[in-house]
Amino acid sequence: MKTLLIALFCLVSSSAWAQLRCLDKLLPLPRFSAPHQLSSGEWRPGTEPTLVYEAARRAINSLLFEKLLCRDDEIEQYTNGACFELDPYYPDLVTCYHYTNVGYFVVTQDSQKNANIIFHRVRSIQK
């Protein structure tokens with residue numbers, strides 16, 4: 001029992017957490033997608049009234065490199081993402097997509113400037 005507790009503590013500790021692959025941290029369960037959330041203090045939302053692509057990229061980079069401690073060479077990010085306004089009557093309903101070599105991110109922003117990020121793993125992405 002002691003050994004199990006020590007092993008669990010080592011896994012949860014920050015140095016062990018940093019050694020996991022980034023994909024394992026993005027998908028902690030064996031599924032093809034997982035939600036993540038960043039509070040407005042964990043990323044720089046910007047001064048724009050709605051979500052724009054640059055702010056979505058900042059949120060994704062904050063998630064990957066500051067919160068999950070991913071290494072720079074683990075995920076290759078592409079520049080072919082975009083943002084879309086879902087309903088013209090509600091200008092706050094903006095969804096952004098950002099593609100990587102292991103999957104893509106869907107980013108939305110709530111009224112408190114929190115970033116809601118869903119990572120979807122796919123088998124192959126074309127540039």
# chains A, B, ... in the order shown; residues from 1 in each chain; ligands from 1

$ residues_around --residues "A:Leu86" --least-positions-apart "3" --cutoff "12 Å" --atoms "only C-alpha atoms" --output "MDAnalysis selection string"
chainID A and resid 50:51 83 89:96 108

$ residues_around --residues "A:Gln109" --least-positions-apart "3" --cutoff "12 Å" --atoms "only C-alpha atoms" --output "CSV table (one decimal) with C-alpha atoms, in the first residue's frame"
chain,number,residue,atom,x,y,z
A,36,HIS,CA,-9.9,22.0,-21.0
A,37,GLN,CA,-10.5,25.4,-19.5
A,38,LEU,CA,-8.3,28.4,-18.8
A,39,SER,CA,-9.5,31.1,-16.5
A,40,SER,CA,-8.9,34.7,-17.6
A,43,TRP,CA,-4.0,33.5,-20.4
A,44,ARG,CA,-4.1,37.0,-21.9
A,45,PRO,CA,-7.6,37.4,-23.4
A,46,GLY,CA,-6.9,40.7,-25.1
A,48,GLU,CA,-11.2,42.7,-28.3
A,49,PRO,CA,-14.9,42.4,-27.5
A,50,THR,CA,-15.1,38.9,-29.1
A,51,LEU,CA,-12.7,36.1,-29.6
A,52,VAL,CA,-10.2,36.6,-32.5
A,53,TYR,CA,-7.8,34.0,-33.9
A,55,ALA,CA,-6.3,35.4,-28.9
A,56,ALA,CA,-7.3,31.8,-29.5
A,59,ALA,CA,-5.0,30.5,-25.2
A,83,CYS,CA,-12.6,31.9,-36.4
A,91,PRO,CA,-21.8,38.5,-31.7
A,92,ASP,CA,-20.2,36.8,-28.6
A,93,LEU,CA,-20.8,33.4,-30.2
A,94,VAL,CA,-17.4,33.0,-31.9
A,95,THR,CA,-15.7,29.7,-32.4
A,96,CYS,CA,-12.0,29.3,-33.4
A,106,VAL,CA,-11.8,24.3,-30.8
A,112,GLN,CA,-15.9,36.2,-18.1
A,113,LYS,CA,-13.1,35.9,-20.7
A,114,ASN,CA,-12.4,32.2,-19.8
A,115,ALA,CA,-11.1,30.1,-22.7
A,116,ASN,CA,-12.9,26.9,-23.2
A,117,ILE,CA,-10.8,24.6,-25.3
A,118,ILE,CA,-11.6,21.2,-26.7

$ residues_around --residues "A:Asn61" --least-positions-apart "2" --cutoff "12 Å" --atoms "only C-alpha atoms" --output "MDAnalysis selection string"
chainID A and resid 38 42:44 54:59 63:72 75:77 98 100 105 107 115 117

$ atom_distance --atom1 "atom CA of A:Phe84" --atom2 "atom CA of A:Ser111"
17.0 Å

$ select_by_dssp --residues "stretch 14-100 of chain A" --states "alpha helix (DSSP H)" --output "ChimeraX atom specification"
/A:14-19,22-26,53-61

$ write_last_selection --atoms "C-alpha atoms" --output "JSON list (two decimals), in the first residue's frame"
[["chain", "number", "residue", "atom", "x", "y", "z"],
["A", 14, "SER", "CA", 5.26, 18.34, -11.20],
["A", 15, "SER", "CA", 8.52, 16.77, -12.36],
["A", 16, "ALA", "CA", 6.79, 13.50, -13.23],
["A", 17, "TRP", "CA", 3.93, 15.40, -14.83],
["A", 18, "ALA", "CA", 6.39, 17.29, -17.02],
["A", 19, "GLN", "CA", 7.85, 14.01, -18.27],
["A", 22, "CYS", "CA", 1.92, 16.22, -24.30],
["A", 23, "LEU", "CA", -0.69, 14.07, -26.03],
["A", 24, "ASP", "CA", -1.15, 12.09, -22.80],
["A", 25, "LYS", "CA", -1.80, 15.33, -20.94],
["A", 26, "LEU", "CA", -4.20, 16.62, -23.58],
["A", 53, "TYR", "CA", -7.75, 34.04, -33.94],
["A", 54, "GLU", "CA", -4.68, 35.60, -32.30],
["A", 55, "ALA", "CA", -6.31, 35.37, -28.87],
["A", 56, "ALA", "CA", -7.30, 31.76, -29.53],
["A", 57, "ARG", "CA", -3.68, 30.93, -30.38],
["A", 58, "ARG", "CA", -2.54, 32.63, -27.16],
["A", 59, "ALA", "CA", -5.01, 30.50, -25.21],
["A", 60, "ILE", "CA", -3.79, 27.30, -26.87],
["A", 61, "ASN", "CA", -0.15, 28.21, -26.26]]

$ decode --residues "stretch 18-44 of chain A" --atoms "N, CA, C and O atoms" --output "CSV table (one decimal), in the first residue's frame"
chain,number,residue,atom,x,y,z
A,18,ALA,N,5.7,16.7,-15.9
A,18,ALA,CA,6.4,17.3,-17.0
A,18,ALA,C,7.0,16.2,-17.9
A,18,ALA,O,7.2,16.5,-19.1
A,19,GLN,N,7.2,15.0,-17.5
A,19,GLN,CA,7.9,14.0,-18.3
A,19,GLN,C,6.9,13.3,-19.1
A,19,GLN,O,7.2,12.6,-20.1
A,20,LEU,N,5.6,13.4,-18.9
A,20,LEU,CA,4.6,12.7,-19.7
A,20,LEU,C,4.5,13.4,-21.1
A,20,LEU,O,4.9,14.6,-21.2
A,21,ARG,N,4.1,12.6,-22.1
A,21,ARG,CA,4.0,13.2,-23.4
A,21,ARG,C,2.8,14.2,-23.4
A,21,ARG,O,1.9,14.1,-22.6
A,22,CYS,N,2.9,15.2,-24.2
A,22,CYS,CA,1.9,16.2,-24.3
A,22,CYS,C,0.6,15.6,-24.7
A,22,CYS,O,-0.5,16.1,-24.2
A,23,LEU,N,0.6,14.7,-25.6
A,23,LEU,CA,-0.7,14.1,-26.0
A,23,LEU,C,-1.4,13.3,-24.9
A,23,LEU,O,-2.6,13.4,-24.8
A,24,ASP,N,-0.6,12.8,-24.0
A,24,ASP,CA,-1.2,12.1,-22.8
A,24,ASP,C,-1.8,13.1,-21.8
A,24,ASP,O,-2.7,12.8,-21.2
A,25,LYS,N,-1.2,14.3,-21.8
A,25,LYS,CA,-1.8,15.3,-20.9
A,25,LYS,C,-3.0,16.0,-21.6
A,25,LYS,O,-4.0,16.3,-20.9
A,26,LEU,N,-3.0,16.1,-22.9
A,26,LEU,CA,-4.2,16.6,-23.6
A,26,LEU,C,-5.4,15.7,-23.5
A,26,LEU,O,-6.5,16.1,-23.4
A,27,LEU,N,-5.1,14.4,-23.6
A,27,LEU,CA,-6.1,13.3,-23.5
A,27,LEU,C,-5.9,12.4,-22.4
A,27,LEU,O,-5.3,11.3,-22.5
A,28,PRO,N,-6.2,12.8,-21.1
A,28,PRO,CA,-5.9,12.0,-20.0
A,28,PRO,C,-6.7,10.7,-20.0
A,28,PRO,O,-6.3,9.7,-19.3
A,29,LEU,N,-7.8,10.6,-20.7
A,29,LEU,CA,-8.6,9.3,-20.8
A,29,LEU,C,-8.4,8.8,-22.2
A,29,LEU,O,-8.2,9.6,-23.1
A,30,PRO,N,-8.6,7.5,-22.4
A,30,PRO,CA,-8.5,7.0,-23.8
A,30,PRO,C,-9.6,7.3,-24.6
A,30,PRO,O,-10.5,6.5,-25.0
A,31,ARG,N,-9.8,8.6,-25.0
A,31,ARG,CA,-10.8,9.0,-25.9
A,31,ARG,C,-10.2,9.9,-27.0
A,31,ARG,O,-9.0,10.2,-27.0
A,32,PHE,N,-11.0,10.3,-28.0
A,32,PHE,CA,-10.5,11.1,-29.1
A,32,PHE,C,-10.7,12.6,-28.9
A,32,PHE,O,-10.3,13.3,-29.7
A,33,SER,N,-11.3,13.0,-27.8
A,33,SER,CA,-11.4,14.4,-27.5
A,33,SER,C,-11.4,14.6,-26.0
A,33,SER,O,-11.8,13.7,-25.3
A,34,ALA,N,-11.1,15.9,-25.6
A,34,ALA,CA,-11.1,16.2,-24.2
A,34,ALA,C,-11.2,17.7,-24.0
A,34,ALA,O,-10.6,18.5,-24.7
A,35,PRO,N,-12.0,18.1,-23.0
A,35,PRO,CA,-12.2,19.6,-22.8
A,35,PRO,C,-11.1,20.1,-21.8
A,35,PRO,O,-10.7,19.4,-20.9
A,36,HIS,N,-10.8,21.3,-22.0
A,36,HIS,CA,-9.9,22.0,-21.0
A,36,HIS,C,-10.4,23.4,-20.9
A,36,HIS,O,-11.1,24.0,-21.7
A,37,GLN,N,-10.1,24.1,-19.7
A,37,GLN,CA,-10.5,25.4,-19.5
A,37,GLN,C,-9.4,26.2,-18.9
A,37,GLN,O,-8.7,25.7,-18.0
A,38,LEU,N,-9.3,27.4,-19.4
A,38,LEU,CA,-8.3,28.4,-18.8
A,38,LEU,C,-9.1,29.6,-18.3
A,38,LEU,O,-9.9,30.2,-19.0
A,39,SER,N,-8.8,29.9,-17.0
A,39,SER,CA,-9.5,31.1,-16.5
A,39,SER,C,-8.8,32.4,-17.1
A,39,SER,O,-7.7,32.3,-17.7
A,40,SER,N,-9.5,33.5,-17.0
A,40,SER,CA,-8.9,34.7,-17.6
A,40,SER,C,-7.5,35.1,-17.0
A,40,SER,O,-6.8,35.8,-17.7
A,41,GLY,N,-7.2,34.6,-15.8
A,41,GLY,CA,-5.9,34.9,-15.2
A,41,GLY,C,-4.8,33.9,-15.8
A,41,GLY,O,-3.6,34.2,-15.6
A,42,GLU,N,-5.2,32.9,-16.4
A,42,GLU,CA,-4.2,31.9,-16.9
A,42,GLU,C,-3.8,32.2,-18.3
A,42,GLU,O,-2.9,31.5,-18.8
A,43,TRP,N,-4.4,33.1,-19.0
A,43,TRP,CA,-4.0,33.5,-20.4
A,43,TRP,C,-4.4,35.0,-20.6
A,43,TRP,O,-5.0,35.6,-19.7
A,44,ARG,N,-3.9,35.6,-21.6
A,44,ARG,CA,-4.1,37.0,-21.9
A,44,ARG,C,-5.3,37.1,-22.9
A,44,ARG,O,-5.0,36.9,-24.1
